[in-house]
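Participant: My questions will all concern the structure given below.
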Amino acid sequence: MNDRPDLEEAFSAAFHEAFGGRAVEVAESQRDQADGMVRARWQQVIDVILPFAALPA
């Protein structure tokens, strides 16, 4: 997703909207189950949604 920051932002926003206050927890769970490139991509999603996690739902 590094080459498509617009897609990273869009996916992260949709993920946060879908999971609300649990978005970071769910993304971390997915990351912990993944390997290699997929794990790195989940970390990118976490990095993007962390600032949103502090906002009220």
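Letters for chains follow the order of the structure tokens (A, B, ...), residue numbers begin at 1 for each chain, and ligand numbers begin at 1 in the order shown.
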Can you pull out every residue within 10 Å of stretch 21-36 of chain A, counting only C-alpha atoms, but drop anything in the same chain fewer than 3 positions away, and send it as a PyMOL selection string?
Facilitator: chain A and resi 12-18+39-50+52-57
Participant: Taking the backbone alone, and naming residues the way the document does, which bits of chain A are helix (DSSP H, G or I) by DSSP, as a ChimeraX atom specification?
Facilitator: /A:5-33,36-53
